[in-house]
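*Asks:* First the structure, then my questions, so here it is.
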Amino acid sequence: MIPLLSVQHLTKTYGRHIGCSDVSFDLFPGEVMGIVGESGSGKSTLLNCMAGHLPPDAGRVMFDTRTEGPRDTVTMSEPERRMLGRTDWAFVHQHARDGLRMGVSAGGNVGERLMAVGARHYGDIRAAATDWLGRVEIDTGRIDDRPSTFSGGMQQRLQIARNLVTGPRLVFMDEPTGGLDVSVQARLLDLLRGLVRQMGLSAVIVTHDLAVVRLLADRLMVMKDGRVVETGLTDQVLDDPQHGYTQLLVSSVLQV
Amino acid sequence: MIRISDLSKTFTLHNQGSAVIEVMRGANLEVAPGECVALVGASGAGKSTLMRMIYGNYLAASGSIMVGDLDVARAAPREILALRREVLGYVSQFLRVVPRVPTVDVVAEPLRTLGVEEEVARDRARALLGRLNIPQTLWSLSPTTFSGGEQQRVNIARGFVHAYPALLLDEPTASLDAINREVVLSLIEEAKARGAAIVGIFHDVEARNRVCDRVIDVARFTPVAA
């Protein structure tokens with residue numbers, strides 16, 4: 001089986017400071033990979049390099065495109081990479097306002113991404129937007145309201161609708177449940193799990209919350225100081241951590 | 001179906017003076033289809049450790065763990081995930097679920113990940129929940145607020161909803177009343193009859209004697225202190 005995403009020796013430095021160093025892994029269709037580590041461990045740098053938001057200094061990010069098979073997204077042209085970003089890829093930001101247009105209605109936020117891939121029929125776009133608001137459990141009566149009038153949890157669900165409406169195959173998520181109340185987090189986790197299964201999505205989730213990865217991720221990668229210190233099945237890494245840093249991380253979690 | 005050879009396990013505690021604790025050495029075990037083998041031994045002897053290693057939850061230090069055609073001790077995460085989906089079921093003592101998900105969907109989930117249609121999967125889940133005497137009024141609620149015995153039964157329903165060719169059972173009859181204990185023992189007998197290979201931990205001696213064909217004392221796998 002060809003991996004959907006194959007990251008090879010990805011490296012990014014900021015001057016003398018290491019962002020991430022020599023990171024390699026394969027992600028297969030339908031798999032969810034979690035990346036954990038403390039602030040400054042390089043997990044967000046890695047995510048942004050993979051998603052084409054930051055140019056890496058070295059390494060390759062091979063993506064199995066629909067028409068041409070595996071291509072290195074680091075060396076492909078900017079328009080090609082942007083097209084991927086609108087079609088096969090999605091990026092869910094920690095702060096919904098980074099991924100939404102706050103001055104545009106909820107329906108417009110979802111519809112805009114459809115229009116970016118060529119949808120033109122107003123009725124179809126509105127129907128798709130209504131369908132997606134329902135799927136992420138936003139009252140469809142709010143379709144013409146601006147996201148600035150939404151709660152944090154609703155904004156995050158709207159961002160997910162906007163990202164998934166075009167049927168991407170790979171979703172990058174940066175702390176998708178960060179900053180939300182626990183009850184809202186649970187609802188979002190349930191939603192994400194359902195969508196991942198129904199749509200057969202692959203996802204890379206960056207978080208510092210071990211409970212989130214236990215519930216969402218099949219596989220786990222632990223980062224420290226820009227390097228991957230441990231990888232494996234999520235439950236194996238959490239229950240039988242091999243590296244000293246992972247052991248420290250797991251034993252530092254407060255029990256509820 | 002399950003064949004363990006020369007298996008060993010050590011834990012290295014990096015943050016506690018790098019202490020290396022050897023907990024298992026030279027473990028061997030074979031379980032044929034339709035057979036149920038009980039692991040016995042004192043608390044801390046390594047029953048759960050062995051079971052977790054078969055499931056791929058703990059890493060083996062050396063040796064092999066064949067489940068069907070796959071060596072869990074060497075398999076890639078992707079292969080272990082497929083094994084867990086299709087071949088190897090595990091009823092643990094703890095129910096770990098996403099909050100808010102209704103009980104019926106928690107139980108149906110293993111079937112859904114195999115691609116079984118939603119309503120078919122739910123019907124099978126409902127049948128099992130009914131058999132395990134979970135009141136119907138609870139099926140649409142999340143099991144996170146259930147009593148210990150109810151959670152245990154939801155866990156069992158989840159483990160038996162798909163006809164896994166191999167099953168690991170960690171104290172499946174603990175905290176159950178006589179009626180539900182009987183239901184669980186019948187489920188185990190039915191699984192054996194259809195050819196499932198089962199490894200179980202049973203503190204309940206009567207239950208063990210009834211469903212298990214053999215007993216393995218894990219103390220013989222405990223390394224002798226040098």
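Here's how to read the names in the structure tokens: chain A, B, ... by the order shown, residue numbers from 1 in each chain, ligand numbers from 1 in the order shown.
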Write down as a list in words the residues of range 110-208 of chain B whose backbone DSSP state falls under strand (DSSP E).

*Replies:*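 The residues of range 110-208 of chain B classed as strand (DSSP E) are Ala166, Leu167, Leu168, Leu169, Asp170, Ala197, Ile198, Val199, Gly200 and Ile201 of chain B.
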
*Asks:* Mind listing as a PyMOL selection string which residues of chain A are within 8 Å of chain B, counting only C-alpha atoms?

*Replies:* chain A and resi 186-187+189-190+197+215+218-219+232-233+235-236+239-240+242-244+247-248

*Asks:* My list of candidates is A:Gln159, A:Glu80, A:Phe150, A:Val165. Which is closest to Ala129 in chain A when distances are computed with only C-alpha atoms?

*Replies:* A:Val165

*Asks:* Find the residues near Val37 in chain B: any atom within 10 Å, counting only C-alpha atoms, skip ones fewer than 4 places away on the same chain, and give them as a list in words.

*Replies:*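 Listed by chain and then number, they are Leu29, Glu30, Val31, Ala32, Leu168, Ala197, Ile198, Val199, Gly200, Ile201, Arg208, Val211, Cys212, Asp213, Arg214, Val215 and Ile216 of chain B.
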
*Asks:* Write the selection just made, keeping N, CA and C atoms, as a PDB file, in the first residue's frame?

*Replies:*
ATOM      1  N   LEU B  29       3.501 -20.226  25.185  1.00  0.00           N
ATOM      2  CA  LEU B  29       2.070 -20.486  25.326  1.00  0.00           C
ATOM      3  C   LEU B  29       1.485 -20.755  23.944  1.00  0.00           C
ATOM      4  N   GLU B  30       0.617 -21.781  23.879  1.00  0.00           N
ATOM      5  CA  GLU B  30      -0.089 -22.043  22.619  1.00  0.00           C
ATOM      6  C   GLU B  30      -1.560 -22.191  22.903  1.00  0.00           C
ATOM      7  N   VAL B  31      -2.363 -21.519  22.121  1.00  0.00           N
ATOM      8  CA  VAL B  31      -3.807 -21.638  22.280  1.00  0.00           C
ATOM      9  C   VAL B  31      -4.414 -21.985  20.920  1.00  0.00           C
ATOM     10  N   ALA B  32      -5.115 -23.116  20.875  1.00  0.00           N
ATOM     11  CA  ALA B  32      -5.719 -23.576  19.616  1.00  0.00           C
ATOM     12  C   ALA B  32      -7.099 -22.949  19.441  1.00  0.00           C
ATOM     13  N   LEU B 168      -9.056 -11.887  24.241  1.00  0.00           N
ATOM     14  CA  LEU B 168      -8.362 -11.752  25.518  1.00  0.00           C
ATOM     15  C   LEU B 168      -9.377 -11.230  26.532  1.00  0.00           C
ATOM     16  N   ALA B 197     -10.096 -18.689  19.851  1.00  0.00           N
ATOM     17  CA  ALA B 197      -9.025 -19.018  20.797  1.00  0.00           C
ATOM     18  C   ALA B 197      -9.053 -17.948  21.877  1.00  0.00           C
ATOM     19  N   ILE B 198      -9.146 -18.367  23.150  1.00  0.00           N
ATOM     20  CA  ILE B 198      -9.335 -17.394  24.232  1.00  0.00           C
ATOM     21  C   ILE B 198      -8.245 -17.516  25.292  1.00  0.00           C
ATOM     22  N   VAL B 199      -7.716 -16.366  25.704  1.00  0.00           N
ATOM     23  CA  VAL B 199      -6.819 -16.319  26.859  1.00  0.00           C
ATOM     24  C   VAL B 199      -7.511 -15.451  27.895  1.00  0.00           C
ATOM     25  N   GLY B 200      -7.620 -15.954  29.127  1.00  0.00           N
ATOM     26  CA  GLY B 200      -8.366 -15.194  30.120  1.00  0.00           C
ATOM     27  C   GLY B 200      -7.709 -15.173  31.488  1.00  0.00           C
ATOM     28  N   ILE B 201      -8.045 -14.139  32.251  1.00  0.00           N
ATOM     29  CA  ILE B 201      -7.673 -14.078  33.662  1.00  0.00           C
ATOM     30  C   ILE B 201      -8.987 -14.171  34.428  1.00  0.00           C
ATOM     31  N   ARG B 208     -13.700 -20.162  36.085  1.00  0.00           N
ATOM     32  CA  ARG B 208     -12.501 -20.644  35.412  1.00  0.00           C
ATOM     33  C   ARG B 208     -12.634 -22.139  35.111  1.00  0.00           C
ATOM     34  N   VAL B 211     -15.203 -22.777  32.078  1.00  0.00           N
ATOM     35  CA  VAL B 211     -14.957 -22.444  30.661  1.00  0.00           C
ATOM     36  C   VAL B 211     -13.528 -22.709  30.197  1.00  0.00           C
ATOM     37  N   CYS B 212     -12.582 -22.898  31.127  1.00  0.00           N
ATOM     38  CA  CYS B 212     -11.192 -23.028  30.684  1.00  0.00           C
ATOM     39  C   CYS B 212     -10.778 -24.481  30.513  1.00  0.00           C
ATOM     40  N   ASP B 213     -10.050 -24.750  29.445  1.00  0.00           N
ATOM     41  CA  ASP B 213      -9.585 -26.098  29.161  1.00  0.00           C
ATOM     42  C   ASP B 213      -8.250 -26.378  29.847  1.00  0.00           C
ATOM     43  N   ARG B 214      -7.465 -25.305  30.051  1.00  0.00           N
ATOM     44  CA  ARG B 214      -6.149 -25.474  30.660  1.00  0.00           C
ATOM     45  C   ARG B 214      -5.848 -24.270  31.530  1.00  0.00           C
ATOM     46  N   VAL B 215      -4.929 -24.465  32.469  1.00  0.00           N
ATOM     47  CA  VAL B 215      -4.514 -23.375  33.344  1.00  0.00           C
ATOM     48  C   VAL B 215      -2.999 -23.243  33.238  1.00  0.00           C
ATOM     49  N   ILE B 216      -2.535 -21.998  33.036  1.00  0.00           N
ATOM     50  CA  ILE B 216      -1.090 -21.752  32.964  1.00  0.00           C
ATOM     51  C   ILE B 216      -0.708 -20.838  34.129  1.00  0.00           C
TER      52      ILE B 216
END

*Asks:* Have a look at B:Val23, B:Ser64, B:Ala207, B:Ser48 and name the one nearest to Ile2 in chain B; count only C-alpha atoms.

*Replies:*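 Smallest distance to Ile2 in chain B is found for B:Ser64.
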
*Asks:* Which residue is closest to Leu164 in chain A? Choose from A:Gly15, A:Pro29, A:Gly85, A:Pro79 and count only C-alpha atoms.

*Replies:*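 Counting only C-alpha atoms, the residue closest to Leu164 in chain A is A:Gly85.
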
*Asks:* Show which residues sit within 12 Å of Arg194 in chain B, as a PyMOL selection string. Count only C-alpha atoms, and ignore same-chain residues fewer than 6 positions away.

*Replies:* chain B and resi 33-35+163-166+187-188

*Asks:* Would you export the selected residues with N, CA and C atoms as a short mmCIF file (atom, residue, chain, number, x, y, z; two decimals), in the first residue's frame, please?

*Replies:*
data_model
loop_
_atom_site.label_atom_id
_atom_site.label_comp_id
_atom_site.auth_asym_id
_atom_site.auth_seq_id
_atom_site.Cartn_x
_atom_site.Cartn_y
_atom_site.Cartn_z
N PRO B 33 -7.61 -22.92 18.21
CA PRO B 33 -8.98 -22.45 18.01
C PRO B 33 -9.96 -23.26 18.84
N GLY B 34 -10.91 -22.59 19.46
CA GLY B 34 -11.90 -23.30 20.26
C GLY B 34 -11.44 -23.61 21.67
N GLU B 35 -10.23 -23.17 22.02
CA GLU B 35 -9.67 -23.48 23.33
C GLU B 35 -9.65 -22.22 24.20
N ALA B 163 -17.37 -11.38 15.93
CA ALA B 163 -16.92 -12.75 16.20
C ALA B 163 -15.41 -12.85 15.98
N TYR B 164 -14.63 -12.26 16.91
CA TYR B 164 -13.17 -12.30 16.79
C TYR B 164 -12.66 -13.74 16.83
N PRO B 165 -11.71 -14.10 15.98
CA PRO B 165 -11.12 -15.44 16.05
C PRO B 165 -10.25 -15.63 17.29
N ALA B 166 -9.81 -14.54 17.92
CA ALA B 166 -9.02 -14.65 19.14
C ALA B 166 -9.50 -13.59 20.13
N LEU B 187 -21.64 -16.64 26.82
CA LEU B 187 -21.03 -15.96 25.67
C LEU B 187 -19.65 -16.56 25.39
N ILE B 188 -18.90 -16.84 26.46
CA ILE B 188 -17.57 -17.42 26.29
C ILE B 188 -17.70 -18.82 25.68
#

*Asks:* Name all residues at most 10 Å from Gly148 in chain B (count only C-alpha atoms; drop same-chain ones fewer than 4 positions away) and give them as a list in words.

*Replies:*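 Residues meeting the cut-off are Gln93, Phe94, Leu95, Pro143, Thr144, Gln152, Arg153, Val154, Ala174, Ser175 and Leu176 of chain B.
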
*Asks:* Leaving out Asp105 in chain B and any residue of its chain fewer than 2 positions from it, which residues lie within 10 Å of it when counting only C-alpha atoms, given as a PDB file with N, CA and C atoms, in the first residue's frame?

*Replies:*
ATOM      1  N   VAL B 101     -20.899   9.719  23.857  1.00  0.00           N
ATOM      2  CA  VAL B 101     -21.345   8.763  22.841  1.00  0.00           C
ATOM      3  C   VAL B 101     -22.323   7.775  23.487  1.00  0.00           C
ATOM      4  N   PRO B 102     -23.494   7.557  22.865  1.00  0.00           N
ATOM      5  CA  PRO B 102     -24.483   6.643  23.445  1.00  0.00           C
ATOM      6  C   PRO B 102     -23.929   5.218  23.558  1.00  0.00           C
ATOM      7  N   THR B 103     -24.363   4.511  24.607  1.00  0.00           N
ATOM      8  CA  THR B 103     -23.907   3.148  24.859  1.00  0.00           C
ATOM      9  C   THR B 103     -24.064   2.248  23.630  1.00  0.00           C
ATOM     10  N   VAL B 107     -20.944   0.153  21.799  1.00  0.00           N
ATOM     11  CA  VAL B 107     -20.905  -1.295  21.573  1.00  0.00           C
ATOM     12  C   VAL B 107     -20.836  -1.617  20.078  1.00  0.00           C
ATOM     13  N   ALA B 108     -21.516  -0.800  19.264  1.00  0.00           N
ATOM     14  CA  ALA B 108     -21.550  -1.069  17.820  1.00  0.00           C
ATOM     15  C   ALA B 108     -20.247  -0.682  17.121  1.00  0.00           C
ATOM     16  N   GLU B 109     -19.418   0.138  17.800  1.00  0.00           N
ATOM     17  CA  GLU B 109     -18.253   0.711  17.123  1.00  0.00           C
ATOM     18  C   GLU B 109     -17.311  -0.316  16.470  1.00  0.00           C
ATOM     19  N   PRO B 110     -16.968  -1.417  17.165  1.00  0.00           N
ATOM     20  CA  PRO B 110     -16.068  -2.376  16.508  1.00  0.00           C
ATOM     21  C   PRO B 110     -16.610  -2.871  15.166  1.00  0.00           C
ATOM     22  N   LEU B 111     -17.931  -3.016  15.061  1.00  0.00           N
ATOM     23  CA  LEU B 111     -18.520  -3.446  13.801  1.00  0.00           C
ATOM     24  C   LEU B 111     -18.471  -2.340  12.766  1.00  0.00           C
ATOM     25  N   ARG B 112     -18.695  -1.103  13.222  1.00  0.00           N
ATOM     26  CA  ARG B 112     -18.677   0.034  12.304  1.00  0.00           C
ATOM     27  C   ARG B 112     -17.294   0.192  11.677  1.00  0.00           C
ATOM     28  N   GLU B 118     -24.589   0.902   9.679  1.00  0.00           N
ATOM     29  CA  GLU B 118     -24.938   1.470  10.966  1.00  0.00           C
ATOM     30  C   GLU B 118     -26.087   0.739  11.672  1.00  0.00           C
ATOM     31  N   ALA B 121     -25.249  -2.868  12.658  1.00  0.00           N
ATOM     32  CA  ALA B 121     -24.333  -2.869  13.804  1.00  0.00           C
ATOM     33  C   ALA B 121     -25.090  -2.537  15.085  1.00  0.00           C
ATOM     34  N   ARG B 122     -25.977  -1.548  15.001  1.00  0.00           N
ATOM     35  CA  ARG B 122     -26.751  -1.163  16.190  1.00  0.00           C
ATOM     36  C   ARG B 122     -27.678  -2.284  16.638  1.00  0.00           C
ATOM     37  N   ALA B 125     -25.706  -4.687  18.499  1.00  0.00           N
ATOM     38  CA  ALA B 125     -25.339  -4.102  19.791  1.00  0.00           C
ATOM     39  C   ALA B 125     -26.526  -4.174  20.753  1.00  0.00           C
ATOM     40  N   ARG B 126     -27.717  -3.826  20.260  1.00  0.00           N
ATOM     41  CA  ARG B 126     -28.913  -3.852  21.113  1.00  0.00           C
ATOM     42  C   ARG B 126     -29.189  -5.262  21.610  1.00  0.00           C
ATOM     43  N   TRP B 139     -29.574   2.697  26.983  1.00  0.00           N
ATOM     44  CA  TRP B 139     -28.849   2.467  25.729  1.00  0.00           C
ATOM     45  C   TRP B 139     -28.480   3.753  24.994  1.00  0.00           C
ATOM     46  N   SER B 140     -29.311   4.788  25.165  1.00  0.00           N
ATOM     47  CA  SER B 140     -29.048   6.025  24.423  1.00  0.00           C
ATOM     48  C   SER B 140     -28.183   6.993  25.231  1.00  0.00           C
ATOM     49  N   LEU B 141     -27.762   6.556  26.432  1.00  0.00           N
ATOM     50  CA  LEU B 141     -26.921   7.417  27.279  1.00  0.00           C
ATOM     51  C   LEU B 141     -25.463   6.996  27.178  1.00  0.00           C
ATOM     52  N   SER B 142     -24.572   7.915  27.519  1.00  0.00           N
ATOM     53  CA  SER B 142     -23.155   7.568  27.561  1.00  0.00           C
ATOM     54  C   SER B 142     -22.886   6.679  28.769  1.00  0.00           C
ATOM     55  N   ARG B 158     -19.077  -4.955  23.957  1.00  0.00           N
ATOM     56  CA  ARG B 158     -18.179  -4.424  22.943  1.00  0.00           C
ATOM     57  C   ARG B 158     -17.182  -5.490  22.459  1.00  0.00           C
TER      58      ARG B 158
END

*Asks:* Go ahead and compute the interatomic distance for CA of Arg214 in chain A and CA of Gly17 in chain B, in Å to one decimal.

*Replies:*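 Straight-line distance from CA of Arg214 in chain A to CA of Gly17 in chain B works out to 28.0 Å.
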
*Asks:* Calculated over only C-alpha atoms, which of the candidates B:Leu138, B:Ala19, B:Leu132, B:Val91 has the smallest distance to Ile179 in chain B?

*Replies:*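 Going through B:Leu138, B:Ala19, B:Leu132, B:Val91 one by one, the smallest distance to Ile179 in chain B is for B:Leu132.
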